$ cat final.txt   # compact mmCIF, C-alpha atoms
# COMPACT_ATOMS: atom_id res chain seq x y z
CA GLU A 1 -31.91 -187.70 107.64
CA ALA A 2 -34.95 -186.86 105.54
CA GLY A 3 -34.33 -184.61 102.57
CA VAL A 4 -36.22 -181.59 101.29
CA ALA A 5 -39.79 -182.61 100.49
CA GLN A 6 -41.81 -180.94 97.75
CA SER A 7 -45.31 -181.44 96.46
CA PRO A 8 -46.85 -181.92 94.05
CA ARG A 9 -44.30 -183.50 91.70
CA TYR A 10 -46.19 -182.46 88.59
CA LYS A 11 -48.90 -179.90 87.84
CA ILE A 12 -50.63 -178.93 84.62
CA ILE A 13 -52.81 -175.82 84.60
CA GLU A 14 -54.31 -173.47 82.06
CA LYS A 15 -52.98 -169.94 81.72
CA ARG A 16 -54.58 -167.42 84.05
CA GLN A 17 -55.25 -170.14 86.65
CA SER A 18 -53.55 -170.18 90.03
CA VAL A 19 -51.25 -172.81 91.50
CA ALA A 20 -49.44 -173.41 94.77
CA PHE A 21 -46.35 -175.44 95.62
CA TRP A 22 -45.35 -176.71 99.02
CA CYS A 23 -41.93 -177.31 100.53
CA ASN A 24 -40.82 -178.91 103.77
CA PRO A 25 -37.11 -178.26 104.38
CA ILE A 26 -34.65 -180.42 106.27
CA SER A 27 -35.32 -180.23 109.99
CA GLY A 28 -33.37 -177.46 111.66
CA HIS A 29 -32.48 -175.64 108.46
CA ALA A 30 -33.01 -171.94 108.95
CA THR A 31 -32.53 -170.89 105.33
CA LEU A 32 -34.98 -171.80 102.59
CA TYR A 33 -34.79 -170.99 98.89
CA TRP A 34 -37.17 -171.21 95.95
CA TYR A 35 -35.58 -171.52 92.53
CA GLN A 36 -37.13 -171.58 89.06
CA GLN A 37 -35.45 -173.83 86.49
CA ILE A 38 -36.55 -173.37 82.90
CA LEU A 39 -35.76 -176.28 80.58
CA GLY A 40 -32.12 -176.23 79.51
CA GLN A 41 -31.07 -173.57 82.01
CA GLY A 42 -29.61 -173.36 85.46
CA PRO A 43 -31.78 -172.68 88.51
CA LYS A 44 -32.64 -169.03 89.07
CA LEU A 45 -33.32 -167.73 92.57
CA LEU A 46 -36.86 -166.48 93.18
CA ILE A 47 -36.81 -165.89 96.93
CA GLN A 48 -34.74 -166.67 99.99
CA PHE A 49 -35.99 -166.91 103.57
CA GLN A 50 -34.04 -166.80 106.79
CA ASN A 51 -36.38 -168.39 109.33
CA ASN A 52 -39.67 -166.66 108.52
CA GLY A 53 -38.15 -163.46 107.15
CA VAL A 54 -37.39 -162.63 103.51
CA VAL A 55 -33.69 -162.11 102.76
CA ASP A 56 -33.84 -161.67 98.99
CA ASP A 57 -36.88 -161.48 96.71
CA SER A 58 -35.38 -159.20 94.09
CA GLN A 59 -35.98 -161.74 91.28
CA LEU A 60 -39.54 -162.63 92.29
CA PRO A 61 -42.21 -161.33 89.86
CA LYS A 62 -44.29 -159.87 92.65
CA ASP A 63 -47.25 -159.02 90.44
CA ARG A 64 -48.03 -162.73 90.12
CA PHE A 65 -45.75 -164.70 92.46
CA SER A 66 -45.94 -164.81 96.24
CA ALA A 67 -44.27 -166.94 98.87
CA GLU A 68 -44.50 -167.33 102.59
CA ARG A 69 -42.85 -169.21 105.41
CA LEU A 70 -45.09 -168.27 108.28
CA LYS A 71 -43.69 -170.44 111.08
CA GLY A 72 -40.13 -170.58 109.80
CA VAL A 73 -40.46 -174.19 108.66
CA ASP A 74 -42.70 -175.12 105.69
CA SER A 75 -43.07 -172.77 102.78
CA THR A 76 -45.54 -172.26 99.96
CA LEU A 77 -44.99 -170.58 96.61
CA LYS A 78 -48.02 -169.34 94.70
CA ILE A 79 -48.52 -168.13 91.15
CA GLN A 80 -51.65 -166.18 90.29
CA PRO A 81 -52.42 -165.81 87.44
CA ALA A 82 -50.08 -168.19 85.62
CA LYS A 83 -48.58 -167.39 82.22
CA LEU A 84 -47.24 -169.75 79.59
CA GLU A 85 -43.68 -168.64 80.37
CA ASP A 86 -44.06 -169.86 83.96
CA SER A 87 -43.70 -173.43 82.71
CA ALA A 88 -40.63 -174.68 84.55
CA VAL A 89 -39.42 -176.83 87.42
CA TYR A 90 -39.74 -175.10 90.78
CA LEU A 91 -37.03 -176.22 93.16
CA CYS A 92 -36.98 -175.74 96.89
CA ALA A 93 -33.68 -175.90 98.77
CA SER A 94 -32.63 -175.47 102.37
CA SER A 95 -29.43 -174.95 104.28
CA LEU A 96 -28.45 -174.90 107.92
CA THR A 97 -27.24 -171.32 107.67
CA ARG A 98 -26.84 -168.76 104.89
CA SER A 99 -23.27 -169.85 104.22
CA THR A 100 -23.53 -173.65 104.29
CA GLU A 101 -24.38 -176.30 101.72
CA ALA A 102 -27.80 -176.05 100.08
CA PHE A 103 -29.82 -179.26 99.69
CA PHE A 104 -32.42 -179.43 96.94
CA GLY A 105 -35.76 -181.17 96.72
CA GLN A 106 -36.86 -183.08 93.61
CA GLY A 107 -38.84 -180.12 92.35
CA THR A 108 -42.32 -179.52 91.01
CA ARG A 109 -42.68 -179.56 87.24
CA LEU A 110 -45.28 -176.98 86.20
CA THR A 111 -46.76 -176.95 82.72
CA VAL A 112 -48.98 -174.01 81.77
CA VAL A 113 -51.12 -174.61 78.69
CA GLY B 1 -24.92 -158.56 90.19
CA GLU B 2 -23.04 -161.84 89.96
CA ASN B 3 -22.88 -163.61 86.59
CA VAL B 4 -21.62 -167.16 86.08
CA GLU B 5 -20.62 -168.44 82.66
CA GLN B 6 -20.19 -172.19 82.08
CA HIS B 7 -18.55 -174.07 79.20
CA PRO B 8 -19.04 -176.31 77.34
CA SER B 9 -22.80 -176.73 77.18
CA THR B 10 -22.42 -180.35 76.08
CA LEU B 11 -19.54 -182.78 76.52
CA SER B 12 -19.24 -186.33 75.22
CA VAL B 13 -16.44 -188.63 76.37
CA GLN B 14 -15.58 -192.29 76.25
CA GLU B 15 -15.69 -194.30 79.44
CA GLY B 16 -12.37 -194.00 81.25
CA ASP B 17 -11.51 -190.61 79.75
CA SER B 18 -11.33 -187.38 81.76
CA ALA B 19 -13.89 -184.59 81.58
CA VAL B 20 -13.30 -180.92 82.36
CA ILE B 21 -15.96 -178.25 82.78
CA LYS B 22 -15.03 -174.60 83.22
CA CYS B 23 -16.79 -171.65 84.79
CA THR B 24 -16.05 -167.96 85.16
CA TYR B 25 -17.66 -165.53 87.57
CA SER B 26 -17.90 -161.78 87.63
CA ASP B 27 -18.06 -160.75 91.29
CA SER B 28 -14.61 -160.70 92.88
CA ALA B 29 -16.27 -160.82 96.32
CA SER B 30 -17.68 -164.31 95.68
CA ASN B 31 -16.10 -166.82 98.05
CA TYR B 32 -17.97 -170.11 97.72
CA PHE B 33 -18.11 -172.25 94.56
CA PRO B 34 -20.10 -175.50 94.58
CA TRP B 35 -20.69 -177.98 91.78
CA TYR B 36 -24.01 -179.77 91.46
CA LYS B 37 -24.98 -182.88 89.50
CA GLN B 38 -28.56 -183.14 88.27
CA GLU B 39 -29.99 -186.38 86.94
CA LEU B 40 -33.20 -186.53 84.94
CA GLY B 41 -36.25 -185.81 87.07
CA LYS B 42 -34.23 -185.06 90.18
CA GLY B 43 -33.08 -181.98 92.01
CA PRO B 44 -29.44 -180.84 91.90
CA GLN B 45 -27.11 -182.71 94.24
CA LEU B 46 -23.88 -181.23 95.56
CA ILE B 47 -20.84 -183.24 94.48
CA ILE B 48 -17.96 -180.99 95.54
CA ASP B 49 -17.38 -177.41 96.62
CA ILE B 50 -14.47 -175.08 97.23
CA ARG B 51 -14.02 -171.91 99.21
CA SER B 52 -11.82 -169.02 98.22
CA ASN B 53 -9.08 -169.78 100.73
CA VAL B 54 -7.94 -172.89 98.82
CA GLY B 55 -6.89 -173.45 95.25
CA GLU B 56 -7.77 -177.10 94.77
CA LYS B 57 -9.90 -179.79 96.37
CA LYS B 58 -10.17 -183.45 95.48
CA ASP B 59 -12.64 -186.19 96.35
CA GLN B 60 -11.83 -189.54 94.74
CA ARG B 61 -12.37 -189.11 90.98
CA ILE B 62 -13.62 -185.54 91.26
CA ALA B 63 -11.53 -182.41 91.73
CA VAL B 64 -12.17 -178.69 91.60
CA THR B 65 -9.61 -175.95 91.00
CA LEU B 66 -10.04 -172.25 91.68
CA ASN B 67 -8.13 -169.30 90.28
CA LYS B 68 -9.35 -166.21 92.14
CA THR B 69 -7.13 -163.85 90.18
CA ALA B 70 -8.63 -164.93 86.88
CA LYS B 71 -12.06 -165.51 88.45
CA HIS B 72 -12.51 -168.98 87.09
CA PHE B 73 -12.95 -172.47 88.52
CA SER B 74 -13.09 -175.90 86.94
CA LEU B 75 -14.48 -179.36 87.61
CA HIS B 76 -12.31 -182.34 86.71
CA ILE B 77 -13.71 -185.87 86.55
CA THR B 78 -11.20 -188.65 85.94
CA GLU B 79 -11.87 -192.24 84.85
CA THR B 80 -15.39 -191.36 83.79
CA GLN B 81 -18.13 -193.96 84.07
CA PRO B 82 -21.56 -194.17 82.37
CA GLU B 83 -23.22 -193.24 85.68
CA ASP B 84 -21.40 -189.90 85.54
CA SER B 85 -23.75 -188.96 82.67
CA ALA B 86 -25.87 -186.05 83.91
CA VAL B 87 -26.15 -182.26 83.81
CA TYR B 88 -23.51 -180.48 85.87
CA PHE B 89 -23.94 -176.96 87.22
CA CYS B 90 -21.37 -174.64 88.69
CA ALA B 91 -22.47 -171.90 91.05
CA ALA B 92 -21.14 -168.97 93.04
CA HIS B 93 -22.43 -166.87 95.87
CA ASN B 94 -23.93 -163.57 94.83
CA GLN B 95 -22.77 -160.19 96.09
CA ALA B 96 -24.67 -160.54 99.35
CA GLY B 97 -22.90 -163.82 100.05
CA THR B 98 -26.19 -165.60 100.36
CA ALA B 99 -28.07 -167.38 97.57
CA LEU B 100 -26.27 -169.20 94.77
CA ILE B 101 -26.06 -167.98 91.19
CA PHE B 102 -25.88 -170.91 88.77
CA GLY B 103 -24.29 -171.41 85.39
CA LYS B 104 -26.41 -172.72 82.52
CA GLY B 105 -25.19 -176.28 82.91
CA THR B 106 -23.13 -178.85 81.01
CA THR B 107 -24.69 -182.05 79.74
CA LEU B 108 -22.06 -184.77 80.14
CA SER B 109 -22.50 -188.00 78.21
CA VAL B 110 -20.18 -190.92 78.95
CA SER B 111 -20.38 -193.74 76.43
CA SER B 112 -19.14 -197.24 77.14
$ encode --input "final.txt" --output "structure tokens"
Amino acid sequence: EAGVAQSPRYKIIEKRQSVAFWCNPISGHATLYWYQQILGQGPKLLIQFQNNGVVDDSQLPKDRFSAERLKGVDSTLKIQPAKLEDSAVYLCASSLTRSTEAFFGQGTRLTVV
Amino acid sequence: GENVEQHPSTLSVQEGDSAVIKCTYSDSASNYFPWYKQELGKGPQLIIDIRSNVGEKKDQRIAVTLNKTAKHFSLHITETQPEDSAVYFCAAHNQAGTALIFGKGTTLSVSS
């Protein structure tokens, strides 16, 4: 079974630029999560989708971050404009349902300079 | 909302020794408690989990215990090996019973 795929693996951008991350969850998984992991900390939830609907985006900085999962499969997370404090690893995870095990991708390491 | 505290932040043991990592949570409604292992440059990988209807679960050298009254749960690794060296995260479901809230992690170093 293929795991959660994320791209790119690494991205370096200047502050105020925009960036987008892509995630392809495990086939058949209805629930998709985006987490932000700052160096030395645990992952922090940004947004959770159930199929193509948003379940929880309370921690998403909506003035600069946006995410979509239009067809209930792949998802993109965008930051515009980026700030220095957005430097982190962005992890995508998926689960079969909202109450089953979450599988994580390898993450995208973003550096904002 | 849910808050998960994890201790210690770093742990160094000799190969063959046991390692214990402890977590506390704040939301008494939380009912699912997984532990993840994260190696350098990789995403977190689930190693064991426990639900609130049991007090202990074991899988070979790894065990997790849960005390719902005290709202704490622990990871126990016996006969540690160098390949156990990684960052370990505990987590709990948030109030909505959906997305996981993570602790800050424990860096485990096993020296041979």
$ atom_distance --input "final.txt" --atom1 "CA of Asn52 (chain A)" --atom2 "CA of Ala67 (chain A)"
10.7 Å
$ residues_near_point --input "final.txt" --point "(-13.0, -191.1, 84.5)" --cutoff "8 Å" --atoms "all atoms listed in the file" --output "ChimeraX atom specification"
/B:15-19,61,77-81
$ residues_around --input "final.txt" --residues "Pro34 (chain B)" --least-positions-apart "3" --cutoff "10 Å" --atoms "all atoms listed in the file" --output "PyMOL selection string"
(chain A and resi 101-102) or (chain B and resi 46-51+64+73+75+89-93+100+102)
$ closest_atom_pairs --input "final.txt" --of "chain A" --to "chain B" --cutoff "8 Å" --atoms "all atoms listed in the file" --output "CSV"
residue,atom,partner,partner_atom,distance
A:Tyr33,CA,B:Ala99,CA,7.7
A:Gly40,CA,B:Lys104,CA,7.3
A:Gln41,CA,B:Lys104,CA,4.8
A:Gly42,CA,B:Lys104,CA,4.4
A:Pro43,CA,B:Phe102,CA,6.2
A:Lys44,CA,B:Ile101,CA,7.0
A:Leu45,CA,B:Ala99,CA,7.3
A:Gln48,CA,B:Ala99,CA,7.1
A:Leu91,CA,B:Gly43,CA,7.1
A:Arg98,CA,B:Thr98,CA,5.6
A:Ser99,CA,B:Thr98,CA,6.4
A:Glu101,CA,B:Leu46,CA,7.9
A:Ala102,CA,B:Leu46,CA,7.9
A:Phe103,CA,B:Gln45,CA,7.0
A:Phe104,CA,B:Gly43,CA,5.6
A:Gly105,CA,B:Gly43,CA,5.5
A:Gln106,CA,B:Gly43,CA,4.2
A:Gly107,CA,B:Gly43,CA,6.1
$ atom_distance --input "final.txt" --atom1 "CA of Asp27 (chain B)" --atom2 "CA of Pro8 (chain B)"
20.9 Å
$ atom_distance --input "final.txt" --atom1 "CA of Asp86 (chain A)" --atom2 "CA of Cys23 (chain A)"
18.3 Å
$ decode --input "final.txt" --residues "region 48-87 of chain B" --atoms "N, CA and C atoms" --output "PDB file, in the first residue's frame"
ATOM      1  N   ILE B  48       2.487   2.505  18.635  1.00  0.00           N
ATOM      2  CA  ILE B  48       1.519   1.834  19.498  1.00  0.00           C
ATOM      3  C   ILE B  48       0.460   2.844  19.881  1.00  0.00           C
ATOM      4  N   ASP B  49      -0.736   2.361  20.149  1.00  0.00           N
ATOM      5  CA  ASP B  49      -1.799   3.258  20.596  1.00  0.00           C
ATOM      6  C   ASP B  49      -2.672   2.540  21.607  1.00  0.00           C
ATOM      7  N   ILE B  50      -3.442   3.312  22.349  1.00  0.00           N
ATOM      8  CA  ILE B  50      -4.327   2.729  23.353  1.00  0.00           C
ATOM      9  C   ILE B  50      -5.606   3.540  23.406  1.00  0.00           C
ATOM     10  N   ARG B  51      -6.710   2.857  23.611  1.00  0.00           N
ATOM     11  CA  ARG B  51      -7.991   3.533  23.748  1.00  0.00           C
ATOM     12  C   ARG B  51      -8.408   3.492  25.209  1.00  0.00           C
ATOM     13  N   SER B  52      -9.360   4.324  25.549  1.00  0.00           N
ATOM     14  CA  SER B  52      -9.661   4.560  26.960  1.00  0.00           C
ATOM     15  C   SER B  52     -10.315   3.381  27.658  1.00  0.00           C
ATOM     16  N   ASN B  53     -10.705   2.362  26.912  1.00  0.00           N
ATOM     17  CA  ASN B  53     -11.366   1.226  27.551  1.00  0.00           C
ATOM     18  C   ASN B  53     -10.388   0.158  28.052  1.00  0.00           C
ATOM     19  N   VAL B  54      -9.083   0.403  27.872  1.00  0.00           N
ATOM     20  CA  VAL B  54      -8.075  -0.528  28.387  1.00  0.00           C
ATOM     21  C   VAL B  54      -7.028   0.250  29.160  1.00  0.00           C
ATOM     22  N   GLY B  55      -6.342  -0.459  30.068  1.00  0.00           N
ATOM     23  CA  GLY B  55      -5.351   0.212  30.887  1.00  0.00           C
ATOM     24  C   GLY B  55      -3.923  -0.016  30.439  1.00  0.00           C
ATOM     25  N   GLU B  56      -3.705  -1.068  29.625  1.00  0.00           N
ATOM     26  CA  GLU B  56      -2.353  -1.375  29.204  1.00  0.00           C
ATOM     27  C   GLU B  56      -2.400  -2.138  27.885  1.00  0.00           C
ATOM     28  N   LYS B  57      -1.388  -1.892  27.069  1.00  0.00           N
ATOM     29  CA  LYS B  57      -1.261  -2.598  25.795  1.00  0.00           C
ATOM     30  C   LYS B  57       0.208  -2.833  25.527  1.00  0.00           C
ATOM     31  N   LYS B  58       0.523  -4.024  25.026  1.00  0.00           N
ATOM     32  CA  LYS B  58       1.930  -4.363  24.813  1.00  0.00           C
ATOM     33  C   LYS B  58       2.138  -4.912  23.401  1.00  0.00           C
ATOM     34  N   ASP B  59       3.260  -4.555  22.808  1.00  0.00           N
ATOM     35  CA  ASP B  59       3.634  -5.067  21.498  1.00  0.00           C
ATOM     36  C   ASP B  59       5.137  -5.297  21.512  1.00  0.00           C
ATOM     37  N   GLN B  60       5.530  -6.527  21.759  1.00  0.00           N
ATOM     38  CA  GLN B  60       6.935  -6.923  21.836  1.00  0.00           C
ATOM     39  C   GLN B  60       7.659  -6.092  22.900  1.00  0.00           C
ATOM     40  N   ARG B  61       8.603  -5.244  22.512  1.00  0.00           N
ATOM     41  CA  ARG B  61       9.377  -4.506  23.512  1.00  0.00           C
ATOM     42  C   ARG B  61       8.718  -3.190  23.929  1.00  0.00           C
ATOM     43  N   ILE B  62       7.587  -2.885  23.337  1.00  0.00           N
ATOM     44  CA  ILE B  62       6.933  -1.605  23.597  1.00  0.00           C
ATOM     45  C   ILE B  62       5.612  -1.821  24.318  1.00  0.00           C
ATOM     46  N   ALA B  63       5.351  -1.001  25.329  1.00  0.00           N
ATOM     47  CA  ALA B  63       4.088  -1.074  26.050  1.00  0.00           C
ATOM     48  C   ALA B  63       3.623   0.337  26.363  1.00  0.00           C
ATOM     49  N   VAL B  64       2.318   0.488  26.467  1.00  0.00           N
ATOM     50  CA  VAL B  64       1.732   1.763  26.867  1.00  0.00           C
ATOM     51  C   VAL B  64       0.742   1.504  27.995  1.00  0.00           C
ATOM     52  N   THR B  65       0.775   2.366  28.999  1.00  0.00           N
ATOM     53  CA  THR B  65      -0.172   2.277  30.108  1.00  0.00           C
ATOM     54  C   THR B  65      -0.980   3.554  30.163  1.00  0.00           C
ATOM     55  N   LEU B  66      -2.211   3.447  30.610  1.00  0.00           N
ATOM     56  CA  LEU B  66      -3.121   4.584  30.669  1.00  0.00           C
ATOM     57  C   LEU B  66      -3.803   4.624  32.025  1.00  0.00           C
ATOM     58  N   ASN B  67      -3.778   5.782  32.649  1.00  0.00           N
ATOM     59  CA  ASN B  67      -4.500   6.012  33.895  1.00  0.00           C
ATOM     60  C   ASN B  67      -5.481   7.149  33.642  1.00  0.00           C
ATOM     61  N   LYS B  68      -6.733   6.809  33.378  1.00  0.00           N
ATOM     62  CA  LYS B  68      -7.732   7.826  33.018  1.00  0.00           C
ATOM     63  C   LYS B  68      -8.080   8.718  34.197  1.00  0.00           C
ATOM     64  N   THR B  69      -8.024   8.165  35.389  1.00  0.00           N
ATOM     65  CA  THR B  69      -8.357   8.964  36.569  1.00  0.00           C
ATOM     66  C   THR B  69      -7.355  10.101  36.740  1.00  0.00           C
ATOM     67  N   ALA B  70      -6.085   9.763  36.587  1.00  0.00           N
ATOM     68  CA  ALA B  70      -5.030  10.757  36.747  1.00  0.00           C
ATOM     69  C   ALA B  70      -4.755  11.506  35.448  1.00  0.00           C
ATOM     70  N   LYS B  71      -5.340  11.084  34.366  1.00  0.00           N
ATOM     71  CA  LYS B  71      -5.146  11.666  33.042  1.00  0.00           C
ATOM     72  C   LYS B  71      -3.677  11.660  32.639  1.00  0.00           C
ATOM     73  N   HIS B  72      -3.062  10.483  32.757  1.00  0.00           N
ATOM     74  CA  HIS B  72      -1.721  10.367  32.227  1.00  0.00           C
ATOM     75  C   HIS B  72      -1.512   8.993  31.607  1.00  0.00           C
ATOM     76  N   PHE B  73      -0.588   8.944  30.646  1.00  0.00           N
ATOM     77  CA  PHE B  73      -0.255   7.703  29.963  1.00  0.00           C
ATOM     78  C   PHE B  73       1.237   7.693  29.688  1.00  0.00           C
ATOM     79  N   SER B  74       1.787   6.490  29.596  1.00  0.00           N
ATOM     80  CA  SER B  74       3.243   6.345  29.510  1.00  0.00           C
ATOM     81  C   SER B  74       3.634   5.331  28.446  1.00  0.00           C
ATOM     82  N   LEU B  75       4.803   5.560  27.867  1.00  0.00           N
ATOM     83  CA  LEU B  75       5.394   4.626  26.905  1.00  0.00           C
ATOM     84  C   LEU B  75       6.586   3.952  27.584  1.00  0.00           C
ATOM     85  N   HIS B  76       6.628   2.633  27.479  1.00  0.00           N
ATOM     86  CA  HIS B  76       7.716   1.865  28.066  1.00  0.00           C
ATOM     87  C   HIS B  76       8.403   1.088  26.950  1.00  0.00           C
ATOM     88  N   ILE B  77       9.715   1.276  26.833  1.00  0.00           N
ATOM     89  CA  ILE B  77      10.495   0.509  25.867  1.00  0.00           C
ATOM     90  C   ILE B  77      11.517  -0.304  26.650  1.00  0.00           C
ATOM     91  N   THR B  78      11.463  -1.613  26.515  1.00  0.00           N
ATOM     92  CA  THR B  78      12.414  -2.477  27.215  1.00  0.00           C
ATOM     93  C   THR B  78      13.506  -2.933  26.253  1.00  0.00           C
ATOM     94  N   GLU B  79      14.626  -3.340  26.833  1.00  0.00           N
ATOM     95  CA  GLU B  79      15.763  -3.853  26.044  1.00  0.00           C
ATOM     96  C   GLU B  79      16.071  -2.929  24.871  1.00  0.00           C
ATOM     97  N   THR B  80      16.301  -1.671  25.182  1.00  0.00           N
ATOM     98  CA  THR B  80      16.505  -0.677  24.129  1.00  0.00           C
ATOM     99  C   THR B  80      17.690  -1.018  23.236  1.00  0.00           C
ATOM    100  N   GLN B  81      17.545  -0.611  21.968  1.00  0.00           N
ATOM    101  CA  GLN B  81      18.575  -0.848  20.953  1.00  0.00           C
ATOM    102  C   GLN B  81      18.924   0.488  20.304  1.00  0.00           C
ATOM    103  N   PRO B  82      20.108   0.607  19.712  1.00  0.00           N
ATOM    104  CA  PRO B  82      20.496   1.878  19.076  1.00  0.00           C
ATOM    105  C   PRO B  82      19.469   2.370  18.061  1.00  0.00           C
ATOM    106  N   GLU B  83      18.801   1.455  17.371  1.00  0.00           N
ATOM    107  CA  GLU B  83      17.809   1.869  16.371  1.00  0.00           C
ATOM    108  C   GLU B  83      16.530   2.430  16.991  1.00  0.00           C
ATOM    109  N   ASP B  84      16.422   2.355  18.315  1.00  0.00           N
ATOM    110  CA  ASP B  84      15.297   3.003  18.995  1.00  0.00           C
ATOM    111  C   ASP B  84      15.530   4.509  19.132  1.00  0.00           C
ATOM    112  N   SER B  85      16.745   4.956  18.862  1.00  0.00           N
ATOM    113  CA  SER B  85      17.068   6.386  18.962  1.00  0.00           C
ATOM    114  C   SER B  85      16.236   7.172  17.948  1.00  0.00           C
ATOM    115  N   ALA B  86      15.473   8.130  18.469  1.00  0.00           N
ATOM    116  CA  ALA B  86      14.557   8.922  17.631  1.00  0.00           C
ATOM    117  C   ALA B  86      13.847   9.918  18.540  1.00  0.00           C
ATOM    118  N   VAL B  87      12.936  10.703  17.957  1.00  0.00           N
ATOM    119  CA  VAL B  87      12.062  11.565  18.752  1.00  0.00           C
ATOM    120  C   VAL B  87      10.711  10.867  18.868  1.00  0.00           C
TER     121      VAL B  87
END
